[in-house]
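As stored in protein-v3.pdb (PDB, C-alpha atoms):
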```
ATOM      1  CA  MET A   1     -28.645 -21.708 -52.018
ATOM      2  CA  ASN A   2     -30.012 -18.937 -49.852
ATOM      3  CA  ASN A   3     -33.323 -20.740 -49.472
ATOM      4  CA  GLY A   4     -31.522 -23.910 -48.450
ATOM      5  CA  ASP A   5     -29.573 -22.044 -45.798
ATOM      6  CA  ALA A   6     -32.733 -20.437 -44.493
ATOM      7  CA  ASP A   7     -34.492 -23.798 -44.325
ATOM      8  CA  ALA A   8     -31.560 -25.324 -42.447
ATOM      9  CA  GLY A   9     -31.561 -22.493 -39.916
ATOM     10  CA  SER A  10     -35.326 -22.648 -39.408
ATOM     11  CA  SER A  11     -35.346 -26.423 -38.941
ATOM     12  CA  GLY A  12     -32.809 -26.167 -36.125
ATOM     13  CA  ALA A  13     -30.336 -28.524 -37.791
ATOM     14  CA  GLU A  14     -26.744 -28.097 -36.668
ATOM     15  CA  VAL A  15     -24.636 -26.553 -39.410
ATOM     16  CA  PRO A  16     -20.975 -27.659 -39.374
ATOM     17  CA  ILE A  17     -18.475 -24.856 -38.843
ATOM     18  CA  ARG A  18     -15.721 -24.748 -41.410
ATOM     19  CA  PRO A  19     -12.154 -23.941 -40.293
ATOM     20  CA  TRP A  20     -12.171 -20.539 -41.978
ATOM     21  CA  GLN A  21     -15.407 -19.645 -40.134
ATOM     22  CA  ARG A  22     -14.058 -20.172 -36.618
ATOM     23  CA  ALA A  23     -13.391 -17.323 -34.205
ATOM     24  CA  ARG A  24     -15.782 -15.022 -36.036
ATOM     25  CA  HIS A  25     -16.458 -13.262 -32.719
ATOM     26  CA  ARG A  26     -13.088 -11.540 -33.078
ATOM     27  CA  GLU A  27     -13.893  -8.894 -35.651
ATOM     28  CA  ARG A  28     -11.208  -7.449 -37.859
ATOM     29  CA  PRO A  29     -10.407  -3.896 -36.738
ATOM     30  CA  ARG A  30     -11.838  -1.268 -39.038
ATOM     31  CA  SER A  31      -9.498   1.510 -38.057
ATOM     32  CA  PRO A  32      -6.386   1.596 -40.253
ATOM     33  CA  TRP A  33      -4.302   2.517 -37.206
ATOM     34  CA  LEU A  34      -5.436  -0.625 -35.372
ATOM     35  CA  GLN A  35      -4.748  -2.710 -38.442
ATOM     36  CA  LEU A  36      -1.258  -1.218 -38.646
ATOM     37  CA  TRP A  37      -0.728  -1.877 -34.925
ATOM     38  CA  ASN A  38      -1.769  -5.535 -35.272
ATOM     39  CA  TRP A  39       0.478  -5.955 -38.284
ATOM     40  CA  CYS A  40       3.447  -4.441 -36.437
ATOM     41  CA  GLU A  41       2.764  -6.613 -33.399
ATOM     42  CA  THR A  42       2.647  -9.767 -35.525
ATOM     43  CA  ALA A  43       5.823  -8.762 -37.369
ATOM     44  CA  TRP A  44       7.605  -8.068 -34.079
ATOM     45  CA  LEU A  45       6.596 -11.473 -32.669
ATOM     46  CA  ASP A  46       7.803 -13.174 -35.831
ATOM     47  CA  PHE A  47      11.113 -11.334 -35.544
ATOM     48  CA  LEU A  48      11.512 -12.369 -31.895
ATOM     49  CA  ASN A  49      10.748 -15.988 -32.763
ATOM     50  CA  LEU A  50      13.407 -15.804 -35.474
ATOM     51  CA  VAL A  51      16.062 -14.278 -33.218
ATOM     52  CA  MET A  52      15.105 -16.136 -30.030
ATOM     53  CA  PRO A  53      13.183 -19.300 -30.964
ATOM     54  CA  ALA A  54      10.577 -20.336 -28.412
ATOM     55  CA  GLU A  55       8.676 -23.542 -27.855
ATOM     56  CA  CYS A  56       5.389 -24.286 -26.132
ATOM     57  CA  VAL A  57       6.135 -25.271 -22.538
ATOM     58  CA  GLY A  58       3.545 -28.027 -22.724
ATOM     59  CA  CYS A  59       3.956 -29.824 -26.053
ATOM     60  CA  GLY A  60       7.007 -28.181 -27.629
ATOM     61  CA  ALA A  61       5.193 -26.507 -30.543
ATOM     62  CA  GLU A  62       7.423 -23.984 -32.281
ATOM     63  CA  ASP A  63       7.072 -20.206 -32.060
ATOM     64  CA  GLN A  64       4.508 -20.327 -29.251
ATOM     65  CA  THR A  65       4.808 -19.794 -25.540
ATOM     66  CA  LEU A  66       1.617 -21.726 -24.872
ATOM     67  CA  CYS A  67      -0.259 -23.277 -27.775
ATOM     68  CA  GLN A  68      -4.045 -23.335 -27.944
ATOM     69  CA  GLU A  69      -4.316 -26.976 -26.878
ATOM     70  CA  CYS A  70      -2.052 -26.501 -23.845
ATOM     71  CA  ALA A  71      -3.789 -23.239 -22.952
ATOM     72  CA  THR A  72      -7.093 -25.125 -22.963
ATOM     73  CA  VAL A  73      -5.613 -27.791 -20.685
ATOM     74  CA  LEU A  74      -4.333 -25.069 -18.353
ATOM     75  CA  ARG A  75      -7.771 -23.474 -18.126
ATOM     76  CA  ARG A  76      -9.408 -26.828 -17.413
ATOM     77  CA  LEU A  77      -6.902 -27.621 -14.680
ATOM     78  CA  THR A  78      -7.512 -24.291 -12.944
ATOM     79  CA  CYS A  79     -11.216 -23.667 -13.578
ATOM     80  CA  SER A  80     -12.202 -24.978 -10.121
ATOM     81  CA  PRO A  81      -9.876 -23.825  -7.307
ATOM     82  CA  PHE A  82     -10.000 -26.054  -4.228
ATOM     83  CA  ARG A  83      -8.920 -26.230  -0.596
ATOM     84  CA  ALA A  84      -5.575 -28.009  -0.477
ATOM     85  CA  GLU A  85      -4.193 -27.651   3.057
ATOM     86  CA  LEU A  86      -5.211 -31.190   4.094
ATOM     87  CA  ALA A  87      -2.611 -32.635   1.700
ATOM     88  CA  ALA A  88       0.231 -30.565   3.239
ATOM     89  CA  GLU A  89       1.766 -32.297   6.261
ATOM     90  CA  ALA A  90       2.995 -29.135   7.964
ATOM     91  CA  LEU A  91      -0.478 -27.562   7.863
ATOM     92  CA  VAL A  92      -2.327 -30.484   9.466
ATOM     93  CA  GLY A  93      -2.415 -31.173  13.186
ATOM     94  CA  VAL A  94      -2.326 -34.478  15.033
ATOM     95  CA  ALA A  95      -6.118 -34.708  15.116
ATOM     96  CA  GLY A  96      -6.396 -33.891  11.417
ATOM     97  CA  GLU A  97      -7.294 -30.215  11.858
ATOM     98  CA  SER A  98      -5.802 -27.639   9.508
ATOM     99  CA  HIS A  99      -3.561 -24.895  10.839
ATOM    100  CA  LEU A 100      -3.946 -22.616   7.804
ATOM    101  CA  PRO A 101      -6.624 -22.680   5.072
ATOM    102  CA  VAL A 102      -5.091 -22.728   1.595
ATOM    103  CA  VAL A 103      -6.798 -22.350  -1.783
ATOM    104  CA  ALA A 104      -4.951 -23.830  -4.776
ATOM    105  CA  ALA A 105      -5.751 -22.871  -8.349
ATOM    106  CA  GLY A 106      -5.066 -26.397  -9.590
ATOM    107  CA  GLU A 107      -3.131 -29.594  -9.137
ATOM    108  CA  TYR A 108       0.576 -29.558  -9.894
ATOM    109  CA  ARG A 109       0.610 -31.585 -13.118
ATOM    110  CA  ASP A 110       0.487 -31.363 -16.909
ATOM    111  CA  ALA A 111       0.484 -27.856 -18.390
ATOM    112  CA  LEU A 112       0.314 -26.153 -15.001
ATOM    113  CA  ALA A 113       3.415 -27.921 -13.696
ATOM    114  CA  SER A 114       5.420 -27.392 -16.878
ATOM    115  CA  GLY A 115       4.393 -23.727 -16.985
ATOM    116  CA  ILE A 116       5.455 -23.069 -13.393
ATOM    117  CA  LEU A 117       8.765 -24.877 -13.879
ATOM    118  CA  ALA A 118       9.524 -22.978 -17.078
ATOM    119  CA  PHE A 119       8.596 -19.668 -15.455
ATOM    120  CA  LYS A 120      10.686 -20.250 -12.321
ATOM    121  CA  ASN A 121      13.706 -22.205 -13.517
ATOM    122  CA  HIS A 122      14.104 -21.493 -17.241
ATOM    123  CA  GLY A 123      13.534 -17.753 -17.494
ATOM    124  CA  ARG A 124      10.240 -17.977 -19.413
ATOM    125  CA  THR A 125       8.926 -14.723 -17.978
ATOM    126  CA  GLU A 126       6.372 -14.403 -20.806
ATOM    127  CA  LEU A 127       4.316 -16.964 -18.864
ATOM    128  CA  CYS A 128       3.696 -14.330 -16.217
ATOM    129  CA  LEU A 129       0.368 -13.254 -17.776
ATOM    130  CA  PRO A 130      -1.273 -16.709 -18.108
ATOM    131  CA  LEU A 131      -0.088 -17.699 -14.648
ATOM    132  CA  GLY A 132      -1.402 -14.392 -13.313
ATOM    133  CA  ARG A 133      -4.874 -15.223 -14.648
ATOM    134  CA  VAL A 134      -4.605 -18.611 -12.949
ATOM    135  CA  LEU A 135      -3.749 -16.953  -9.638
ATOM    136  CA  ALA A 136      -6.612 -14.463 -10.080
ATOM    137  CA  ARG A 137      -9.143 -17.316 -10.164
ATOM    138  CA  ALA A 138      -7.747 -18.786  -6.946
ATOM    139  CA  LEU A 139      -7.716 -15.368  -5.306
ATOM    140  CA  THR A 140     -11.358 -14.808  -6.229
ATOM    141  CA  ALA A 141     -12.294 -18.168  -4.701
ATOM    142  CA  ALA A 142     -10.400 -17.377  -1.487
ATOM    143  CA  LEU A 143     -11.961 -13.928  -1.120
ATOM    144  CA  ALA A 144     -15.428 -15.427  -1.568
ATOM    145  CA  GLU A 145     -14.961 -17.305   1.716
ATOM    146  CA  LEU A 146     -14.017 -14.222   3.699
ATOM    147  CA  PRO A 147     -16.789 -12.711   5.862
ATOM    148  CA  GLY A 148     -18.277  -9.362   4.877
ATOM    149  CA  ARG A 149     -16.537  -9.209   1.523
ATOM    150  CA  SER A 150     -18.707  -6.373   0.125
ATOM    151  CA  PRO A 151     -16.622  -4.482   1.059
ATOM    152  CA  LEU A 152     -14.242  -6.257   3.443
ATOM    153  CA  SER A 153     -15.825  -4.914   6.646
ATOM    154  CA  GLY A 154     -14.481  -1.458   5.826
ATOM    155  CA  SER A 155     -10.855  -2.617   6.061
ATOM    156  CA  SER A 156      -8.292  -3.502   3.446
ATOM    157  CA  LEU A 157      -6.774  -6.911   2.843
ATOM    158  CA  TRP A 158      -3.037  -7.261   2.399
ATOM    159  CA  LEU A 159      -1.610  -9.800  -0.032
ATOM    160  CA  VAL A 160       1.782 -10.819   1.323
ATOM    161  CA  PRO A 161       3.948 -12.815  -1.120
ATOM    162  CA  ILE A 162       6.341 -15.433   0.190
ATOM    163  CA  PRO A 163       9.740 -13.954  -0.749
ATOM    164  CA  SER A 164      12.384 -15.816  -2.716
ATOM    165  CA  THR A 165      15.625 -16.717  -1.053
ATOM    166  CA  GLY A 166      18.754 -14.768  -1.903
ATOM    167  CA  SER A 167      20.242 -17.608  -3.928
ATOM    168  CA  GLY A 168      16.995 -18.098  -5.850
ATOM    169  CA  TRP A 169      16.761 -14.410  -6.678
ATOM    170  CA  ARG A 170      20.377 -14.293  -7.865
ATOM    171  CA  ARG A 171      19.891 -17.399  -9.999
ATOM    172  CA  ARG A 172      16.685 -16.152 -11.666
ATOM    173  CA  GLY A 173      17.143 -12.405 -11.522
ATOM    174  CA  TYR A 174      13.514 -11.896 -10.402
ATOM    175  CA  ASP A 175      10.996 -12.940  -7.762
ATOM    176  CA  PRO A 176       8.370 -15.179  -9.464
ATOM    177  CA  VAL A 177       5.490 -14.558  -7.051
ATOM    178  CA  ALA A 178       6.071 -10.807  -6.949
ATOM    179  CA  MET A 179       6.207 -10.646 -10.755
ATOM    180  CA  ILE A 180       2.872 -12.480 -11.081
ATOM    181  CA  LEU A 181       1.224 -10.138  -8.573
ATOM    182  CA  ARG A 182       2.479  -7.102 -10.502
ATOM    183  CA  ALA A 183       0.950  -8.617 -13.649
ATOM    184  CA  LEU A 184      -2.402  -8.806 -11.851
ATOM    185  CA  VAL A 185      -2.206  -5.109 -11.102
ATOM    186  CA  ARG A 186      -1.266  -4.192 -14.686
ATOM    187  CA  GLU A 187      -4.184  -6.169 -16.105
ATOM    188  CA  GLY A 188      -6.630  -4.706 -13.595
ATOM    189  CA  ARG A 189      -7.440  -8.094 -12.024
ATOM    190  CA  MET A 190      -6.719  -7.053  -8.463
ATOM    191  CA  PRO A 191     -10.004  -6.966  -6.471
ATOM    192  CA  GLU A 192     -11.112  -3.774  -4.790
ATOM    193  CA  GLY A 193      -9.868  -3.315  -1.251
ATOM    194  CA  VAL A 194      -6.894  -5.646  -1.778
ATOM    195  CA  GLU A 195      -3.332  -4.335  -1.644
ATOM    196  CA  ILE A 196       0.009  -6.022  -2.272
ATOM    197  CA  VAL A 197       2.342  -5.414   0.663
ATOM    198  CA  PRO A 198       5.613  -7.409   0.805
ATOM    199  CA  VAL A 199       5.845  -7.513   4.580
ATOM    200  CA  LEU A 200       7.922 -10.692   4.766
ATOM    201  CA  ALA A 201      11.647 -10.833   4.119
ATOM    202  CA  VAL A 202      14.256 -13.588   4.320
ATOM    203  CA  ARG A 203      16.775 -13.654   7.140
ATOM    204  CA  ALA A 204      20.404 -13.843   6.116
ATOM    205  CA  ARG A 205      22.026 -17.170   6.947
ATOM    206  CA  LEU A 206      25.530 -18.512   6.829
ATOM    207  CA  PRO A 207      26.365 -20.428   3.638
ATOM    208  CA  TRP A 208      26.821 -23.787   5.414
ATOM    209  CA  ASN A 209      23.371 -23.441   6.983
ATOM    210  CA  ARG A 210      21.590 -23.080   3.641
ATOM    211  CA  LYS A 211      19.876 -26.128   2.161
ATOM    212  CA  HIS A 212      17.533 -26.524  -0.772
ATOM    213  CA  GLN A 213      13.987 -27.498   0.171
ATOM    214  CA  LYS A 214      13.609 -30.034  -2.654
ATOM    215  CA  ALA A 215      16.307 -32.308  -1.240
ATOM    216  CA  LEU A 216      14.716 -32.505   2.211
ATOM    217  CA  GLY A 217      11.920 -34.520   3.763
ATOM    218  CA  ARG A 218       9.028 -33.313   5.896
ATOM    219  CA  ALA A 219      10.989 -32.785   9.117
ATOM    220  CA  GLY A 220      13.988 -31.421   7.248
ATOM    221  CA  ARG A 221      11.881 -28.859   5.408
ATOM    222  CA  ARG A 222      10.409 -27.567   8.650
ATOM    223  CA  ARG A 223      13.845 -27.286  10.258
ATOM    224  CA  ASN A 224      15.259 -25.611   7.160
ATOM    225  CA  VAL A 225      12.671 -22.797   7.165
ATOM    226  CA  HIS A 226      12.509 -22.374  10.954
ATOM    227  CA  ASN A 227      13.099 -18.720  11.879
ATOM    228  CA  THR A 228      14.100 -17.844   8.312
ATOM    229  CA  ARG A 229      11.480 -15.109   7.839
ATOM    230  CA  ARG A 230      11.256 -11.643   9.327
ATOM    231  CA  ASN A 231       9.060  -8.568   8.954
ATOM    232  CA  ARG A 232      10.137  -5.464   7.112
ATOM    233  CA  ARG A 233      10.259  -2.296   9.233
ATOM    234  CA  ARG A 234      10.042   0.431   6.619
ATOM    235  CA  SER A 235       7.707   2.019   4.118
ATOM    236  CA  TRP A 236       6.898   0.163   0.903
ATOM    237  CA  GLY A 237       5.269   2.049  -1.935
ATOM    238  CA  SER A 238       2.210   3.915  -0.689
ATOM    239  CA  THR A 239       1.849   1.680   2.397
ATOM    240  CA  ARG A 240       3.709   2.397   5.580
ATOM    241  CA  LEU A 241       4.430  -0.758   7.551
ATOM    242  CA  LYS A 242       3.407  -0.228  11.138
ATOM    243  CA  ALA A 243       5.270  -1.524  14.179
ATOM    244  CA  ASN A 244       1.901  -2.580  15.645
ATOM    245  CA  PRO A 245      -0.380  -3.801  12.825
ATOM    246  CA  ARG A 246      -3.403  -4.006  15.185
ATOM    247  CA  GLY A 247      -4.931  -7.079  13.592
ATOM    248  CA  GLN A 248      -4.361  -6.233   9.932
ATOM    249  CA  LEU A 249      -5.949  -8.966   7.771
ATOM    250  CA  VAL A 250      -3.360 -10.796   5.645
ATOM    251  CA  LEU A 251      -3.514 -13.399   2.877
ATOM    252  CA  LEU A 252      -0.286 -15.199   1.973
ATOM    253  CA  VAL A 253       0.600 -15.907  -1.669
ATOM    254  CA  ASP A 254       2.996 -18.601  -2.912
ATOM    255  CA  ASP A 255       3.608 -20.606  -6.079
ATOM    256  CA  VAL A 256       3.508 -24.329  -5.170
ATOM    257  CA  LEU A 257       2.213 -26.031  -2.022
ATOM    258  CA  THR A 258       4.159 -29.173  -1.085
ATOM    259  CA  THR A 259       4.526 -29.809   2.651
ATOM    260  CA  GLY A 260       3.334 -26.337   3.660
ATOM    261  CA  ALA A 261       6.380 -25.642   5.842
ATOM    262  CA  THR A 262       7.148 -22.313   4.162
ATOM    263  CA  LEU A 263       3.571 -21.073   4.447
ATOM    264  CA  ARG A 264       3.343 -22.085   8.082
ATOM    265  CA  GLU A 265       6.595 -20.306   8.908
ATOM    266  CA  GLY A 266       5.394 -17.164   7.139
ATOM    267  CA  ALA A 267       2.051 -17.284   8.947
ATOM    268  CA  LYS A 268       3.799 -17.764  12.309
ATOM    269  CA  THR A 269       6.091 -14.798  11.697
ATOM    270  CA  LEU A 270       3.207 -12.499  10.801
ATOM    271  CA  THR A 271       0.978 -13.697  13.634
ATOM    272  CA  GLU A 272       3.691 -13.064  16.213
ATOM    273  CA  SER A 273       3.923  -9.482  14.915
ATOM    274  CA  GLY A 274       0.188  -8.844  15.365
ATOM    275  CA  PHE A 275      -1.175  -9.614  11.889
ATOM    276  CA  ARG A 276      -4.262 -11.759  11.342
ATOM    277  CA  VAL A 277      -3.404 -14.378   8.729
ATOM    278  CA  CYS A 278      -6.714 -15.568   7.287
ATOM    279  CA  GLY A 279      -5.249 -18.064   4.812
ATOM    280  CA  ALA A 280      -3.100 -18.507   1.737
ATOM    281  CA  VAL A 281      -3.421 -18.760  -2.040
ATOM    282  CA  VAL A 282      -1.128 -20.826  -4.271
ATOM    283  CA  LEU A 283      -0.848 -21.512  -7.969
ATOM    284  CA  ALA A 284      -0.730 -25.285  -7.571
ATOM    285  CA  ALA A 285      -0.824 -28.008  -4.951
ATOM    286  CA  ALA A 286       1.617 -30.873  -5.325
ATOM    287  CA  ARG A 287      -0.951 -33.335  -3.975
ATOM    288  CA  ALA A 288      -4.654 -32.700  -4.038
ATOM    289  CA  PRO A 289      -6.537 -34.076  -1.000
ATOM    290  CA  GLU A 290      -9.323 -36.591  -1.482
ATOM    291  CA  LYS A 291     -12.615 -34.984  -2.431
ATOM    292  CA  CYS A 292     -10.771 -31.675  -2.693
ATOM    293  CA  HIS A 293     -13.196 -30.334  -5.277
ATOM    294  CA  GLU A 294     -16.170 -31.005  -3.021
ATOM    295  CA  ASN A 295     -17.278 -28.906  -0.094
ATOM    296  CA  ASP A 296     -15.375 -29.472   3.146
ATOM    297  CA  ASP A 297     -17.222 -31.182   5.941
ATOM    298  CA  GLU A 298     -18.723 -28.958   8.593
ATOM    299  CA  LYS A 299     -16.315 -30.137  11.301
ATOM    300  CA  GLY A 300     -13.227 -29.276   9.268
ATOM    301  CA  ARG A 301     -14.576 -25.827   8.373
ATOM    302  CA  ALA A 302     -15.412 -25.135  12.000
ATOM    303  CA  GLU A 303     -11.909 -26.000  13.142
ATOM    304  CA  ASN A 304     -10.104 -23.620  10.834
ATOM    305  CA  SER A 305     -11.401 -21.844   7.746
ATOM    306  CA  PHE A 306     -11.185 -18.518   5.954
ATOM    307  CA  ARG A 307     -14.421 -17.470   7.625
ATOM    308  CA  SER A 308     -13.236 -18.212  11.175
ATOM    309  CA  LYS A 309      -9.862 -16.583  10.546
ATOM    310  CA  GLY A 310     -11.413 -13.419   9.177
ATOM    311  CA  GLU A 311     -13.759 -12.909  12.101
TER     312      GLU A 311
END
```

Turn the structure described in the file into structure tokens.
Amino acid sequence: MNNGDADAGSSGAEVPIRPWQRARHRERPRSPWLQLWNWCETAWLDFLNLVMPAECVGCGAEDQTLCQECATVLRRLTCSPFRAELAAEALVGVAGESHLPVVAAGEYRDALASGILAFKNHGRTELCLPLGRVLARALTAALAELPGRSPLSGSSLWLVPIPSTGSGWRRRGYDPVAMILRALVREGRMPEGVEIVPVLAVRARLPWNRKHQKALGRAGRRRNVHNTRRNRRRSWGSTRLKANPRGQLVLLVDDVLTTGATLREGAKTLTESGFRVCGAVVLAAARAPEKCHENDDEKGRAENSFRSKGE
């Protein structure tokens, strides 16, 4: 039997992998303390699934937040981030030029769409980690287009999340974008020279002037978010927000790109205060532009790109 195995390996024939032989790269921990820790972790997850049953957000498999098949689909959907601003009406001018470059991690469909919806609207906060890894890939792609990114010309880059509205925060109890960014920091996925600074805030409005973006069209969305953002004028964490930013480089972060009205309003608010908004990063784009996974043409990149904004 040993000789037969040796002959099969030497001949280069493909040996089928049996189910019990898969994932051999994950070695069983030798330390008894690690074994005890893994056992306790598994027992705790089983207890949580018993008390609070969970289903896969993609296929509905029991006792799993995201099953292996849906996790594979999610990775495939977000393995190639792309420029998505040309599919957002509010970010495109009359001549077809883009007002703000936006990098999307993937298209808003399948496992990515169901994961974002479950995370935002159904309290599935355990999806924060997989969605954070998705955002990290898009952030890496956006930073690669910035000039002098080793380091960033000696200056820091601020990640500014688009804040949730007051009603959204009260309904969920958390800010989805801010929670994902905190997960990036905890996992050590935040690039060097990049800092999270929540500069933007939402202006208070009268109840009869509040409308939900989903129920509005293109023009209605732009009117609904007009002058609804403001800048914070206080210290936040270890960063002191300055009255005169003096051209501080900023990258906006949001969850889903639809018409782009919210991103454009946030960019306008920051630009009027002296910030340099070089672009935006989103988890998903509702509509991917044609040939979005290919390189942009030279004319479009010359009009408005991460490189031109960062210079």

Fill in: Counting all atoms listed in the file, the option among A:Ile180, A:Leu257, A:Ala267, A:Ala43 closest to Ala286 in chain A
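Of all the options, A:Leu257 lies closest to Ala286 in chain A.
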
Worksheet item: In terms of the shortest atom-to-atom distance over all atoms listed in the file, which of A:Glu97, A:Glu89, A:Glu272, A:Glu187 is closest to Gly260 in chain A?
Response: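 Of all the options, A:Glu89 lies closest to Gly260 in chain A.
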
To box range 279-282 of chain A, take all atoms listed in the file, fit an axis-aligned box, add 6 Å on each side, and give centre and edge lengths in Å to one decimal, as AutoDock Vina command-line options.
```
--center_x -3.2 --center_y -19.4 --center_z 0.3 --size_x 16.1 --size_y 14.8 --size_z 21.1
```

Discussion item. Going by the chain IDs and residue numbers used in this file, which residues fall under the PyMOL selection byres ((chain A and resi 114-126) around 10)? Write them as a PyMOL selection string.
Written reply: chain A and resi 54+56-59+65-66+70+74+108-113+127-131+168+171-177+179-180+255-256+283-284

Practice prompt. Evaluate the PyMOL selection byres ((chain A and resi 279) around 12) here and jot the selected residues down as a ChimeraX atom specification.
Written response: /A:83-85,91,98-104,139,141-143,145-146,157-160,249-254,260,263-264,266-268,270-271,275-278,280-282,304-310

Discussion item. For a test of reading the model, state the distance in Å between CA of Leu200 in chain A and CA of Gly132 in chain A, rounded to one decimal.
Written reply: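 If I compute the distance from CA of Leu200 in chain A to CA of Gly132 in chain A, I get 20.7 Å.
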
Worksheet item: What separation in Å, quoted to one decimal, exists between CA of Ser80 in chain A and CA of Val197 in chain A?
Response: 26.7 Å

Worksheet item: Between A:Ser31, A:Thr262, A:Ser164, A:Thr78, which has the minimum distance to Val202 in chain A (counting only C-alpha atoms)?
Response: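 Ranking A:Ser31, A:Thr262, A:Ser164, A:Thr78 by distance to Val202 in chain A, first place goes to A:Ser164.
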
Fill in: From A:Glu195, A:Ala87, A:Ala71, A:Arg30, residue lying nearest Val134 in chain A [all atoms listed in the file]
A:Ala71

Practice prompt. Take CA of Ala61 in chain A and CA of Leu48 in chain A and report the distance between them in Å, one decimal.
Written response: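 Interatomic distance, CA of Ala61 in chain A to CA of Leu48 in chain A: 15.5 Å.
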